[in-house]
Structures are given as structure tokens and as C-alpha cells.
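Here's structure_14.txt, which has compact mmCIF, C-alpha atoms:
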```txt
# COMPACT_ATOMS: atom_id res chain seq x y z
CA MET A 1 94.29 73.11 -14.57
CA SER A 2 94.85 69.86 -12.75
CA ALA A 3 98.33 68.44 -12.25
CA THR A 4 97.44 65.55 -14.48
CA ALA A 5 96.36 67.79 -17.31
CA ALA A 6 99.38 70.01 -16.89
CA HIS A 7 101.71 67.06 -17.32
CA GLN A 8 100.05 65.50 -20.30
CA PRO A 9 102.50 64.88 -23.10
CA ALA A 10 102.70 67.52 -25.78
CA ALA A 11 101.37 65.08 -28.33
CA THR A 12 97.93 65.30 -26.69
CA ALA A 13 97.50 68.78 -28.09
CA LEU A 14 97.91 67.43 -31.59
CA THR A 15 94.88 65.20 -31.19
CA ARG A 16 92.65 68.27 -31.26
CA PRO A 17 90.77 68.26 -34.57
CA PRO A 18 92.30 70.83 -36.89
CA ILE A 19 90.23 73.42 -38.69
CA ARG A 20 89.44 72.04 -42.10
CA HIS A 21 89.68 74.31 -45.12
CA ARG A 22 87.26 74.46 -47.99
CA LYS A 23 89.31 75.27 -51.04
CA ASN A 24 88.90 76.89 -54.46
CA VAL A 25 87.78 74.27 -56.99
CA TYR A 26 90.23 75.66 -59.54
CA LEU A 27 93.18 75.11 -57.19
CA LEU A 28 92.55 71.64 -55.79
CA SER A 29 95.52 69.33 -55.81
CA ALA A 30 95.17 65.96 -57.50
CA SER A 31 94.78 64.20 -54.16
CA GLN A 32 92.24 66.74 -52.87
CA LEU A 33 90.18 66.33 -56.02
CA ALA A 34 90.44 62.57 -55.73
CA SER A 35 89.14 62.75 -52.15
CA LEU A 36 86.25 64.97 -53.22
CA ARG A 37 85.30 62.59 -55.99
CA ALA A 38 85.66 59.55 -53.77
CA ALA A 39 83.46 61.12 -51.10
CA PHE A 40 80.73 62.06 -53.58
CA GLU A 41 80.89 58.62 -55.15
CA ALA A 42 80.59 57.01 -51.73
CA VAL A 43 77.58 59.03 -50.53
CA MET A 44 75.91 58.61 -53.90
CA GLY A 45 76.03 54.88 -53.31
CA ILE A 46 74.21 55.07 -49.97
CA SER A 47 70.42 55.07 -49.99
CA ASP A 48 69.80 55.75 -46.29
CA ASN A 49 70.08 59.01 -44.37
CA ARG A 50 73.86 59.13 -44.78
CA GLY A 51 73.58 59.32 -48.53
CA PHE A 52 73.46 61.91 -51.28
CA GLN A 53 69.84 61.16 -52.20
CA TYR A 54 68.78 61.91 -48.63
CA PHE A 55 70.68 65.20 -48.39
CA ALA A 56 69.69 66.41 -51.85
CA GLY A 57 66.09 65.60 -51.05
CA LEU A 58 66.07 67.85 -48.00
CA HIS A 59 66.35 70.98 -50.15
CA GLY A 60 63.46 70.50 -52.59
CA VAL A 61 61.57 67.30 -53.30
CA PRO A 62 60.67 65.57 -51.06
CA GLY A 63 61.87 67.45 -47.93
CA ASN A 64 61.07 70.99 -49.03
CA TYR A 65 63.05 72.47 -46.14
CA CYS A 66 65.10 75.15 -47.87
CA VAL A 67 64.42 78.76 -47.01
CA HIS A 68 64.70 81.53 -49.55
CA HIS A 69 63.60 85.15 -49.84
CA PRO A 70 61.29 85.78 -46.88
CA PRO A 71 58.50 88.31 -46.97
CA PRO A 72 59.36 91.34 -44.81
CA PRO A 73 59.83 92.07 -41.98
CA ALA A 74 61.31 88.63 -41.32
CA ILE A 75 65.09 88.37 -41.02
CA SER A 76 66.29 86.06 -43.72
CA LEU A 77 67.21 82.49 -42.81
CA PHE A 78 68.65 81.82 -46.25
CA LEU A 79 72.31 82.08 -45.22
CA PRO A 80 72.13 80.31 -41.81
CA TRP A 81 69.97 77.48 -43.13
CA HIS A 82 72.24 76.76 -46.06
CA ARG A 83 75.32 76.97 -43.81
CA ALA A 84 73.82 74.27 -41.61
CA TYR A 85 72.91 72.26 -44.71
CA LEU A 86 76.51 72.37 -46.01
CA TYR A 87 77.89 71.58 -42.58
CA PHE A 88 75.92 68.36 -42.16
CA PHE A 89 76.47 67.28 -45.74
CA GLU A 90 80.20 67.83 -45.37
CA LEU A 91 80.18 65.64 -42.26
CA ALA A 92 78.45 62.94 -44.32
CA LEU A 93 81.17 63.24 -46.97
CA ARG A 94 83.89 63.04 -44.32
CA ASP A 95 82.27 59.99 -42.73
CA GLN A 96 83.13 58.24 -45.98
CA VAL A 97 86.42 59.96 -46.85
CA PRO A 98 87.89 61.64 -43.76
CA ASP A 99 90.02 64.22 -45.55
CA ALA A 100 87.34 65.33 -48.00
CA THR A 101 85.99 68.88 -47.76
CA LEU A 102 83.51 70.83 -49.79
CA THR A 103 84.98 73.04 -52.49
CA TRP A 104 83.87 76.47 -53.71
CA TRP A 105 83.22 77.69 -57.23
CA ASP A 106 83.76 81.41 -57.68
CA TRP A 107 81.46 82.11 -60.62
CA SER A 108 82.53 85.75 -60.68
CA SER A 109 86.17 84.85 -61.37
CA PRO A 110 87.83 85.48 -64.74
CA THR A 111 88.22 81.71 -65.13
CA ALA A 112 84.48 81.15 -64.76
CA HIS A 113 83.75 84.02 -67.13
CA ALA A 114 86.02 82.40 -69.69
CA ASN A 115 85.09 78.75 -69.26
CA GLY A 116 81.75 78.54 -67.45
CA LEU A 117 81.38 75.51 -65.22
CA PRO A 118 84.61 74.15 -63.73
CA ARG A 119 86.07 71.40 -65.85
CA VAL A 120 86.04 68.91 -62.99
CA TYR A 121 82.23 69.17 -62.96
CA ARG A 122 81.90 69.18 -66.75
CA VAL A 123 83.63 65.97 -67.74
CA PRO A 124 81.35 62.89 -67.78
CA THR A 125 84.14 60.47 -67.01
CA VAL A 126 87.41 60.28 -65.14
CA GLY A 127 89.51 57.79 -66.98
CA ALA A 128 87.21 54.86 -67.58
CA ASP A 129 84.93 55.67 -64.64
CA PRO A 130 81.87 57.92 -64.39
CA ASN A 131 82.63 61.32 -62.84
CA PRO A 132 80.47 61.62 -59.69
CA LEU A 133 80.64 65.42 -59.97
CA TYR A 134 78.96 65.36 -63.37
CA GLU A 135 75.45 64.10 -62.67
CA PHE A 136 73.27 62.07 -60.34
CA ALA A 137 70.45 59.60 -60.93
CA ILE A 138 67.44 60.81 -58.93
CA ASP A 139 65.14 58.37 -57.14
CA PRO A 140 62.46 57.70 -59.78
CA SER A 141 59.77 57.24 -57.14
CA LEU A 142 59.82 61.02 -56.59
CA GLY A 143 58.18 61.62 -59.95
CA GLY A 144 60.75 64.04 -61.31
CA PRO A 145 63.61 63.84 -63.78
CA SER A 146 65.50 60.57 -63.76
CA VAL A 147 68.91 62.22 -63.90
CA THR A 148 70.26 65.72 -63.35
CA SER A 149 70.82 67.93 -66.37
CA ARG A 150 72.43 71.27 -67.13
CA SER A 151 72.17 73.81 -69.89
CA PRO A 152 74.64 76.53 -68.94
CA GLY A 153 74.36 79.98 -70.45
CA ASN A 154 77.06 82.20 -71.86
CA PRO A 155 79.90 82.40 -69.30
CA ALA A 156 79.98 86.17 -69.79
CA ASP A 157 76.47 86.32 -68.30
CA LEU A 158 77.55 84.99 -64.90
CA PRO A 159 77.51 87.61 -62.11
CA THR A 160 80.52 89.89 -62.34
CA ARG A 161 83.09 90.95 -59.79
CA LEU A 162 81.61 94.44 -59.97
CA GLU A 163 78.14 93.17 -59.09
CA LEU A 164 79.60 91.10 -56.29
CA GLN A 165 81.58 94.02 -54.88
CA SER A 166 78.40 96.09 -54.84
CA VAL A 167 76.66 93.42 -52.78
CA MET A 168 79.59 92.90 -50.43
CA SER A 169 79.61 96.61 -49.60
CA ILE A 170 76.07 96.48 -48.20
CA GLN A 171 76.18 96.74 -44.42
CA ARG A 172 72.62 95.83 -43.41
CA PHE A 173 72.25 92.08 -43.04
CA ASN A 174 68.85 91.59 -44.60
CA ARG A 175 69.69 93.77 -47.56
CA PHE A 176 73.04 92.01 -48.02
CA SER A 177 71.43 88.60 -47.72
CA SER A 178 68.68 89.44 -50.19
CA ARG A 179 71.08 90.81 -52.81
CA LEU A 180 73.53 87.94 -52.40
CA GLU A 181 70.62 85.54 -52.73
CA ASP A 182 69.60 87.22 -55.97
CA LEU A 183 73.08 86.64 -57.43
CA HIS A 184 72.73 83.06 -56.20
CA ASP A 185 69.36 82.82 -57.95
CA ALA A 186 70.94 84.09 -61.17
CA VAL A 187 73.60 81.36 -61.07
CA HIS A 188 70.96 78.68 -60.54
CA GLY A 189 69.18 79.94 -63.64
CA TRP A 190 72.44 80.26 -65.57
CA VAL A 191 73.36 76.61 -64.95
CA GLY A 192 69.83 75.68 -66.01
CA GLY A 193 68.31 72.21 -66.13
CA THR A 194 67.76 70.72 -62.70
CA MET A 195 69.80 73.49 -61.06
CA GLY A 196 67.22 75.99 -62.28
CA VAL A 197 64.35 74.79 -60.09
CA ILE A 198 64.28 74.52 -56.32
CA ALA A 199 62.64 71.10 -56.51
CA TRP A 200 65.68 69.38 -58.04
CA ALA A 201 68.62 71.77 -57.73
CA ALA A 202 70.45 70.05 -54.88
CA TYR A 203 70.66 66.78 -56.80
CA ASP A 204 73.23 68.38 -59.11
CA PRO A 205 76.72 68.04 -57.63
CA ILE A 206 77.58 71.60 -58.76
CA PHE A 207 74.91 72.85 -56.33
CA TRP A 208 77.29 72.17 -53.44
CA ALA A 209 80.20 74.09 -54.97
CA HIS A 210 77.87 76.99 -55.75
CA HIS A 211 76.45 77.12 -52.24
CA THR A 212 79.85 76.69 -50.65
CA ASN A 213 80.86 79.83 -52.52
CA ILE A 214 77.78 81.65 -51.21
CA ASP A 215 78.74 80.56 -47.70
CA ARG A 216 82.31 81.77 -48.30
CA LEU A 217 81.04 85.17 -49.41
CA TRP A 218 78.93 85.43 -46.28
CA SER A 219 81.97 84.52 -44.16
CA LEU A 220 83.97 87.28 -45.88
CA TRP A 221 81.16 89.75 -45.23
CA GLN A 222 81.14 88.69 -41.58
CA LEU A 223 84.76 89.76 -41.18
CA ASP A 224 83.74 93.40 -41.67
CA ASN A 225 80.14 93.43 -40.51
CA HIS A 226 78.79 92.51 -37.11
CA PRO A 227 75.03 92.88 -37.07
CA THR A 228 73.09 92.64 -33.84
CA PHE A 229 70.28 90.11 -34.08
CA PRO A 230 67.35 89.69 -31.71
CA PRO A 231 67.40 86.54 -29.53
CA SER A 232 64.28 85.28 -31.27
CA TYR A 233 66.30 85.09 -34.48
CA LEU A 234 69.50 83.76 -32.92
CA ASP A 235 67.64 80.97 -31.14
CA ARG A 236 65.67 79.97 -34.20
CA ALA A 237 66.07 76.31 -35.08
CA LEU A 238 67.02 75.35 -38.61
CA PRO A 239 65.09 72.15 -39.28
CA PRO A 240 65.78 69.40 -40.01
CA PHE A 241 69.21 70.17 -38.57
CA PRO A 242 69.90 70.18 -34.81
CA MET A 243 71.33 73.67 -34.99
CA THR A 244 70.18 77.23 -34.33
CA VAL A 245 71.02 80.41 -36.20
CA ARG A 246 73.37 81.36 -33.37
CA GLN A 247 75.35 78.17 -33.88
CA THR A 248 75.97 78.99 -37.52
CA LEU A 249 77.50 82.40 -37.00
CA ASN A 250 81.03 81.44 -36.01
CA LEU A 251 82.96 79.28 -38.47
CA SER A 252 85.60 78.34 -35.92
CA GLN A 253 82.86 76.73 -33.82
CA LEU A 254 81.90 74.67 -36.85
CA GLY A 255 85.48 73.60 -37.44
CA TYR A 256 86.08 74.95 -40.90
CA ASP A 257 87.38 77.98 -42.74
CA TYR A 258 87.90 79.06 -46.31
CA ALA A 259 91.20 78.97 -48.14
CA SER A 260 92.35 79.41 -51.68
CA ALA A 261 94.52 76.31 -51.54
CA THR A 262 96.24 74.31 -48.83
CA SER A 263 98.99 71.77 -48.46
CA HIS A 264 99.95 69.79 -45.41
CA ALA A 265 103.03 67.91 -44.32
CA THR A 266 103.89 66.01 -41.16
CA VAL A 267 107.17 66.04 -39.29
CA SER A 268 109.08 62.90 -40.11
CA MET B 1 56.66 83.42 -72.94
CA ALA B 2 55.16 85.17 -69.92
CA ASP B 3 53.77 88.64 -70.54
CA PRO B 4 55.53 91.74 -69.22
CA VAL B 5 53.93 93.49 -66.25
CA THR B 6 53.80 97.29 -66.05
CA VAL B 7 53.19 99.30 -62.89
CA GLU B 8 52.35 102.99 -63.34
CA GLY B 9 52.46 105.97 -61.03
CA LEU B 10 55.61 105.54 -58.97
CA GLN B 11 56.30 109.00 -57.54
CA LEU B 12 59.86 110.22 -57.95
CA PRO B 13 61.50 112.11 -55.08
CA GLY B 14 61.76 115.87 -55.39
CA ARG B 15 64.92 117.67 -56.41
CA PRO B 16 67.15 118.95 -53.61
CA ASP B 17 66.34 122.46 -52.44
CA GLU B 18 69.28 124.34 -53.89
CA GLU B 19 68.66 127.35 -51.70
CA THR B 20 69.63 125.48 -48.56
CA PRO B 21 73.35 125.32 -47.82
CA GLU B 22 73.42 121.52 -47.66
CA PRO B 23 70.62 120.25 -49.93
CA ILE B 24 69.20 116.93 -48.77
CA ASP B 25 69.19 114.23 -51.40
CA PHE B 26 69.05 110.46 -51.41
CA ASP B 27 72.15 108.43 -52.19
CA HIS B 28 70.43 105.11 -52.74
CA ALA B 29 67.22 104.07 -54.45
CA ASP B 30 65.60 100.65 -54.57
CA LEU B 31 62.66 99.30 -56.48
CA GLN B 32 60.97 96.72 -54.26
CA PHE B 33 58.70 94.07 -55.72
CA HIS B 34 56.16 92.72 -53.27
CA ASN B 35 54.61 89.27 -53.00
CA VAL B 36 56.36 87.79 -56.00
CA ASP B 37 55.19 84.27 -56.69
CA HIS B 38 57.97 81.68 -56.97
CA SER B 39 55.99 78.46 -57.04
CA GLY B 40 56.51 77.79 -60.73
CA HIS B 41 59.11 78.58 -63.36
CA SER B 42 62.45 80.34 -62.88
CA TYR B 43 62.96 83.70 -64.55
CA GLU B 44 65.31 86.56 -65.01
CA VAL B 45 63.08 89.62 -64.65
CA ARG B 46 64.39 92.68 -66.49
CA VAL B 47 63.21 96.03 -65.19
CA TYR B 48 62.63 99.00 -67.50
CA LEU B 49 61.66 102.48 -66.37
CA ASN B 50 59.27 104.53 -68.51
CA ASN B 51 59.27 101.98 -71.29
CA PRO B 52 55.90 100.17 -71.18
CA ASP B 53 56.59 98.63 -74.58
CA ALA B 54 59.69 96.78 -73.36
CA ASN B 55 59.79 93.08 -74.15
CA ALA B 56 62.25 90.22 -74.32
CA ASP B 57 63.91 91.73 -77.40
CA THR B 58 64.45 95.17 -75.88
CA GLY B 59 68.08 96.11 -75.32
CA ARG B 60 69.51 96.34 -71.85
CA ASP B 61 70.79 99.89 -72.02
CA GLU B 62 69.99 103.24 -70.50
CA ALA B 63 68.39 104.54 -73.70
CA GLN B 64 65.74 101.83 -73.39
CA GLY B 65 65.16 102.60 -69.73
CA TYR B 66 66.82 99.40 -68.53
CA ALA B 67 67.44 99.66 -64.79
CA GLY B 68 68.61 96.17 -63.78
CA SER B 69 67.18 92.75 -63.18
CA PHE B 70 66.22 90.32 -60.45
CA HIS B 71 65.87 86.57 -60.54
CA ILE B 72 63.18 84.13 -59.50
CA PHE B 73 64.47 80.73 -58.43
CA GLY B 74 61.20 78.89 -58.90
CA HIS B 75 60.04 75.72 -57.21
CA GLY B 76 59.04 74.15 -60.52
CA GLY B 77 55.53 73.17 -59.50
CA CYS B 78 54.06 71.17 -56.67
CA TYR B 79 55.18 67.61 -55.98
CA GLY B 80 53.02 67.11 -52.92
CA GLU B 81 49.43 66.15 -52.51
CA GLU B 82 46.54 68.55 -52.75
CA GLY B 83 47.17 71.60 -50.53
CA HIS B 84 50.86 70.86 -49.96
CA CYS B 85 52.05 73.97 -51.77
CA ASP B 86 49.41 76.40 -50.55
CA PRO B 87 50.65 78.56 -47.65
CA GLN B 88 47.05 79.44 -46.80
CA ARG B 89 46.32 75.80 -46.01
CA ARG B 90 48.75 75.80 -43.11
CA GLY B 91 47.06 76.54 -39.80
CA LYS B 92 47.81 79.68 -37.83
CA HIS B 93 48.99 78.97 -34.29
CA THR B 94 50.17 81.16 -31.45
CA PHE B 95 53.15 78.94 -30.71
CA ASP B 96 54.49 77.85 -34.07
CA TYR B 97 58.21 77.24 -34.42
CA ARG B 98 58.07 75.84 -37.88
CA LEU B 99 60.00 77.57 -40.64
CA PRO B 100 57.91 79.87 -42.81
CA HIS B 101 56.02 78.03 -45.53
CA PRO B 102 58.44 77.71 -48.47
CA LEU B 103 55.84 78.97 -50.92
CA LEU B 104 55.10 82.27 -49.21
CA PRO B 105 55.45 84.94 -51.86
CA MET B 106 58.71 86.84 -51.66
CA MET B 107 60.04 90.36 -51.83
CA LYS B 108 62.76 91.18 -54.34
CA SER B 109 64.55 94.44 -55.03
CA VAL B 110 66.75 96.12 -57.60
CA GLU B 111 68.96 99.12 -56.97
CA VAL B 112 68.03 101.94 -59.34
CA THR B 113 69.89 104.91 -57.85
CA GLY B 114 71.43 106.21 -61.06
CA ALA B 115 68.32 105.73 -63.17
CA VAL B 116 66.03 107.45 -60.68
CA LYS B 117 68.34 110.43 -60.25
CA ARG B 118 68.65 110.81 -63.99
CA LEU B 119 64.90 110.75 -64.55
CA ARG B 120 64.27 113.08 -61.63
CA ASP B 121 66.90 115.54 -62.86
CA GLU B 122 65.35 115.45 -66.33
CA GLY B 123 62.14 116.77 -64.75
CA ALA B 124 60.06 113.62 -64.45
CA GLU B 125 57.72 113.42 -61.47
CA GLN B 126 56.43 109.90 -61.97
CA VAL B 127 57.85 106.77 -63.45
CA SER B 128 56.49 103.45 -64.64
CA ALA B 129 58.22 100.13 -64.16
CA THR B 130 57.87 97.40 -66.75
CA LEU B 131 58.95 93.93 -65.72
CA VAL B 132 59.95 91.60 -68.54
CA PRO B 133 60.21 87.95 -67.45
CA ILE B 134 62.73 85.84 -69.35
CA ARG B 135 62.11 82.20 -68.56
CA TYR B 136 64.97 79.73 -68.12
CA GLU B 137 63.79 77.31 -70.77
CA SER B 138 65.99 74.33 -69.93
CA SER B 139 64.56 74.31 -66.41
CA ALA B 140 61.01 74.99 -67.58
CA GLU B 141 61.04 71.60 -69.30
CA LEU B 142 61.15 69.97 -65.86
CA ALA B 143 58.05 71.72 -64.51
CA GLY B 144 54.66 70.08 -64.38
CA GLU B 145 52.10 70.81 -67.07
CA ASP B 146 49.92 72.73 -64.63
CA VAL B 147 52.61 75.35 -63.98
CA LYS B 148 51.59 78.65 -65.54
CA ASP B 149 54.09 80.72 -67.47
CA GLU B 150 53.36 84.05 -65.84
CA LEU B 151 54.91 86.64 -63.59
CA THR B 152 52.71 87.35 -60.58
CA LEU B 153 53.26 90.01 -57.93
CA ASP B 154 51.17 92.47 -55.92
CA SER B 155 52.87 95.82 -56.09
CA VAL B 156 56.07 97.79 -56.55
CA SER B 157 57.60 100.41 -54.26
CA LEU B 158 60.26 102.98 -54.97
CA VAL B 159 62.24 103.60 -51.79
CA THR B 160 65.09 106.08 -51.47
CA TYR B 161 67.63 106.25 -48.67
CA GLU B 162 70.24 108.54 -47.21
CA THR B 163 72.91 106.11 -46.11
CA SER B 164 75.93 108.37 -45.89
CA VAL B 165 76.85 109.60 -42.43
CA GLU B 166 79.89 111.59 -43.52
CA ALA B 167 79.86 115.08 -42.06
CA SER B 168 79.81 117.81 -44.67
CA ALA B 169 82.23 120.72 -44.50
CA ALA B 170 79.54 122.95 -42.99
CA GLN B 171 78.60 120.38 -40.35
CA ALA B 172 82.05 119.13 -39.43
CA PRO B 173 83.19 120.01 -35.91
CA GLU B 174 85.92 122.53 -35.71
CA PRO B 175 89.37 121.07 -35.25
CA ALA B 176 90.50 120.98 -31.64
CA GLY B 177 93.18 123.52 -32.39
CA SER B 178 90.66 126.08 -33.61
CA ARG B 179 88.47 125.52 -30.59
CA ALA B 180 91.41 126.07 -28.27
CA GLN B 181 92.11 129.36 -29.95
CA ALA B 182 88.54 130.45 -29.42
```
Taking this structure as input, can you express it in the form of C-alpha cells?
Amino acid sequence: MSATAAHQPAATALTRPPIRHRKNVYLLSASQLASLRAAFEAVMGISDNRGFQYFAGLHGVPGNYCVHHPPPPAISLFLPWHRAYLYFFELALRDQVPDATLTWWDWSSPTAHANGLPRVYRVPTVGADPNPLYEFAIDPSLGGPSVTSRSPGNPADLPTRLELQSVMSIQRFNRFSSRLEDLHDAVHGWVGGTMGVIAWAAYDPIFWAHHTNIDRLWSLWQLDNHPTFPPSYLDRALPPFPMTVRQTLNLSQLGYDYASATSHATVS
Amino acid sequence: MADPVTVEGLQLPGRPDEETPEPIDFDHADLQFHNVDHSGHSYEVRVYLNNPDANADTGRDEAQGYAGSFHIFGHGGCYGEEGHCDPQRRGKHTFDYRLPHPLLPMMKSVEVTGAVKRLRDEGAEQVSATLVPIRYESSAELAGEDVKDELTLDSVSLVTYETSVEASAAQAPEPAGSRAQA
């Protein structure tokens, strides 16, 4: 360490970006929810490649980039690709509202099994304003539905904690990924409407809370499982994102972690 | 509603040889479904063993042979130009770093350990698998008119595993204390 660096004031250390926490949708504070809504509203108002239309369109129509169940013997890219997808979308949200983070919806929780979709995604309006987490108007030039729709099933039919525990106990990566993806598929079908088809799913704001939960479950699995991947897999690019599989494997390198809830206060 | 698909002749594993001190048996069984098409509608696919008459109204219980389900998150049809959604239309190149074509058919699986052991222990040597597709109707409304309501796949495998590595009493090394005494 140079003398200059050694004598930098202590405050310099505080300029380091803190790890941001993605929190449980059921436990967001009023201000955290307001930031989430403001960020979604902002990106939904942008029509270029910083906007919601652009990011949603990468998954199905028109980008068609998403990767799902691969034929064997390929190692699945489902989890790394969607982690990169969330990462870059979250940056786009934070470009508009710096303290916004993605939130996760645990569809296996007792609350979900009692109420179905989280209320903050179900209500069409917030006060007198449209709720940006409720729906999105899709670019009509794409030839699909003009607005997102949902037709959720019986909340009791969502994947259960028991099913999830069974998946989380699987130690082999490809098997774990495939089974987790199947639960993910079931939730897409359960929400129904645009969420039920790959072409339009990502246009529904609930898509992002669902996939953030999938990413959280993978991160929990990673705490106990450390598979060895071949370099050809680790160095695989995840288009259209400037990121490889290797770069998705460590959350701390991506600057985020998962929490149930958080609060923050500064020293006065 | 798409028709059920039945596959016959899946061989069940044999019963453990009870004359050996530590009979070998599987502790995990999967049904694997190969080359499942996912270009069209989304489905829950319910799997029934030895019940070729199963349909969408059949109960999901052991008595009916219900073994579990898997899900197809379908693409909802093709929104590209002619050839866009056909994996065979993509060229084959030695150096090709593109992601796999999104429409390549997929492999899905369902764990059927309990059901297979029960059938095997009841004396069955073969089993049939009947796949009953239940379409997600609210999403089907969004698909193009040319999307067929059918479940398409190539084949089904029954694969059993021995995943436990716990040493049995007969195989466990002697405690260090015992060895020292010897």
C-alpha cells in the first residue's frame, strides 16, 4: 500500500458501493415499495434500450434470447442466463431510482398459498395513479397482445414448501436446475395470461419478482453445493449480456445479496 | 384439449436379491421425457403409471396410478418470419458460440421413486406411462391460430439411481479402538 493510500481519510472507505439487498415483496417498507414502483414507472416510460419494453423484449418476442430446458448432455444455462438478465435490468431500474432493487415473491410461502399474487402486484391503482406493477402496454408493432393479462389459478395449487425442499436437496447441478425450472414453469402457468407463454411473459411486472425468487433459491442452493464446471461452460457468454457464466456465480461480485427485509440509518 | 400420450413397455428394475447380505436396490427413480416440443401452448402434463385410460378428469392419487407432473412453458407460436422457429434451419458450424436454438426440443423428468418401488414390489415387470396434458387456457388464447393443441415427444426412459453413499453396518470400517485391540 502506498503512503498516500494508507493516509486516506476513513471516509474514503465509505464511498465503496455497498452490497444491495433484494428483499421479500411481503416485507417491503413503504419507502422501498415506493422506490420499486417509481423505478418500474420510470423504465416503462422509456422506449430506448434503457426501458422496460427493451428488457422485456429480450426474453421472448422480439429478442428470443432466453434459455430454458436444454437437451442433454448440455449443462443448463437457465439459471446463469436469467441471473445476468435480472442483473442488467436491475441496473436499468437503479439508473432511474438509485435505491431501487428487485424484490422476490416466494410463491411457496403460506401467504402466497392463502392469497395468490402479492397484493402490490394485484391492485390496478395506487391512490389515483395506475400501479406500474399491475400491467404493461406492449408495443403493438410486435403483433401480440396489447396489454399484459393474468388469470391466476387456485393459490393452493402453487408449488409447496415440500416440493421446494425436495428440489433444494438435489446435489447435482443439472438435475437441480431442471427441477427448479419445472417449478418455475408451473408458476408461469399458474399466473396464466401473458405469463404463461415465453413470448410475452417478461412483459408482466410479476415476471421479475418470480425470477428474482428463482435466483434467490439458486443462491441458497449455492451455499451448500459447489459443483465443478468445465471451462467451456464457465467461459460461455450469455448474450446479449456482456457476461459469462463464470461471472454470474458469485453474488458478491455482482454487488447484491438476498435479505428478508432491511433498514438503513446514517450516523447523524 | 390435447390427447393423452401413452408409452408402453418400460421395464421395471428387479427386486433386490434377498439372499445377499446387503441387497442392492435403487433409492431414486426418474421418468425422463425426451425431445418434448415446447414451441406452442403451455401445459401441465400429469403422469399416470399403468393407467392408459387416464384423462383430464382422472384423480391425482395413487389408486389411479398418478405419479407426478411436469410443466411445459411454451413459446406460444412463432412470431418470426418463415424458418425463424425451426432449429433445423440454423446452419451447423464448427466454431459456433451462439446459444442453443431456443426451440430445440427439451428433456423433462419426474421423480417416481415411490410409485416404481410399489409396482415392482407388487410383482409388475413392466409399466406404461400415460401423459395427460392440461392446457393453460388463459395463455392459449394468446397463441397464434396455427399452434396445434398437442403434446409431442419422442420417447420416455425410466432411470433408477443409487445415490446414497452411507456405509452399511456390514461395510463400515471397524472403530479405531477395535482395530487397536486386534
Q) For chain B against chain A, which residues fall within 6 Å using all atoms listed in the file, given as a ChimeraX atom specification? A) /B:71,73-76,106-107,138-139
Output C-alpha atoms for every residue in the selection just made, as a PDB file, keeping the file's coordinate frame.
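Output file part.pdb is given in full below:
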```pdb
ATOM      1  CA  HIS B  71      65.870  86.570 -60.540  1.00  0.00           C
ATOM      2  CA  PHE B  73      64.470  80.730 -58.430  1.00  0.00           C
ATOM      3  CA  GLY B  74      61.200  78.890 -58.900  1.00  0.00           C
ATOM      4  CA  HIS B  75      60.040  75.720 -57.210  1.00  0.00           C
ATOM      5  CA  GLY B  76      59.040  74.150 -60.520  1.00  0.00           C
ATOM      6  CA  MET B 106      58.710  86.840 -51.660  1.00  0.00           C
ATOM      7  CA  MET B 107      60.040  90.360 -51.830  1.00  0.00           C
ATOM      8  CA  SER B 138      65.990  74.330 -69.930  1.00  0.00           C
ATOM      9  CA  SER B 139      64.560  74.310 -66.410  1.00  0.00           C
TER      10      SER B 139
END
```
Q: Using only C-alpha atoms, determine which residues lie at most 6 Å from stretch 59-70 of chain B, disregarding the query and same-chain residues fewer than 5 positions distant; provide the list as a PyMOL selection string.
A: chain B and resi 44-49+112
Padding 8 Å on each side, edges along x, y and z: where is the centre of the box around the listed atoms of stretch 119-132 of chain B, and how long are its edges in Å to one decimal? Output it as lines of an AutoDock Vina configuration file.
```
center_x = 61.7
center_y = 104.2
center_z = -65.0
size_x = 26.5
size_y = 41.2
size_z = 23.1
```
Would you kindly return, as a compact mmCIF listing (two decimals) with C-alpha atoms, in the frame of the given file, each protein, DNA or RNA residue with an atom no farther than 8 Å from any atom of A:Pro155, considering only C-alpha atoms and excluding same-chain residues fewer than 3 positions away?
```txt
# COMPACT_ATOMS: atom_id res chain seq x y z
CA ALA A 112 84.48 81.15 -64.76
CA HIS A 113 83.75 84.02 -67.13
CA ALA A 114 86.02 82.40 -69.69
CA ASN A 115 85.09 78.75 -69.26
CA GLY A 116 81.75 78.54 -67.45
CA PRO A 152 74.64 76.53 -68.94
CA LEU A 158 77.55 84.99 -64.90
```
Q: Would you list the residues near (53.4, 96.2, -63.2), meaning any protein, DNA or RNA residue with an atom at most 9 Å from that point in file coordinates, counting all atoms listed in the file, as an MDAnalysis selection string?
A: chainID B and resid 4:8 128:131 153:156
What would stretch 140-151 of chain B look like with N, CA and C atoms in place, written as a compact mmCIF listing (two decimals), keeping the file's coordinate frame?
```txt
# COMPACT_ATOMS: atom_id res chain seq x y z
N ALA B 140 62.46 75.01 -67.41
CA ALA B 140 61.01 74.99 -67.58
C ALA B 140 60.53 73.62 -68.06
N GLU B 141 61.41 72.93 -68.80
CA GLU B 141 61.04 71.60 -69.30
C GLU B 141 60.76 70.62 -68.17
N LEU B 142 61.30 70.90 -66.99
CA LEU B 142 61.15 69.97 -65.86
C LEU B 142 59.87 70.22 -65.07
N ALA B 143 59.23 71.36 -65.30
CA ALA B 143 58.05 71.72 -64.51
C ALA B 143 56.83 70.93 -64.96
N GLY B 144 55.90 70.78 -64.05
CA GLY B 144 54.66 70.08 -64.38
C GLY B 144 53.83 70.86 -65.39
N GLU B 145 52.91 70.17 -66.04
CA GLU B 145 52.10 70.81 -67.07
C GLU B 145 51.16 71.87 -66.50
N ASP B 146 50.86 71.77 -65.22
CA ASP B 146 49.92 72.73 -64.63
C ASP B 146 50.60 74.03 -64.19
N VAL B 147 51.91 74.13 -64.37
CA VAL B 147 52.61 75.35 -63.98
C VAL B 147 52.37 76.42 -65.04
N LYS B 148 51.87 77.57 -64.60
CA LYS B 148 51.59 78.65 -65.54
C LYS B 148 52.85 79.45 -65.82
N ASP B 149 52.97 79.88 -67.07
CA ASP B 149 54.09 80.72 -67.47
C ASP B 149 53.67 82.17 -67.30
N GLU B 150 53.75 82.66 -66.07
CA GLU B 150 53.36 84.05 -65.84
C GLU B 150 54.09 84.62 -64.62
N LEU B 151 54.29 85.92 -64.70
CA LEU B 151 54.91 86.64 -63.59
C LEU B 151 53.79 87.24 -62.74
```
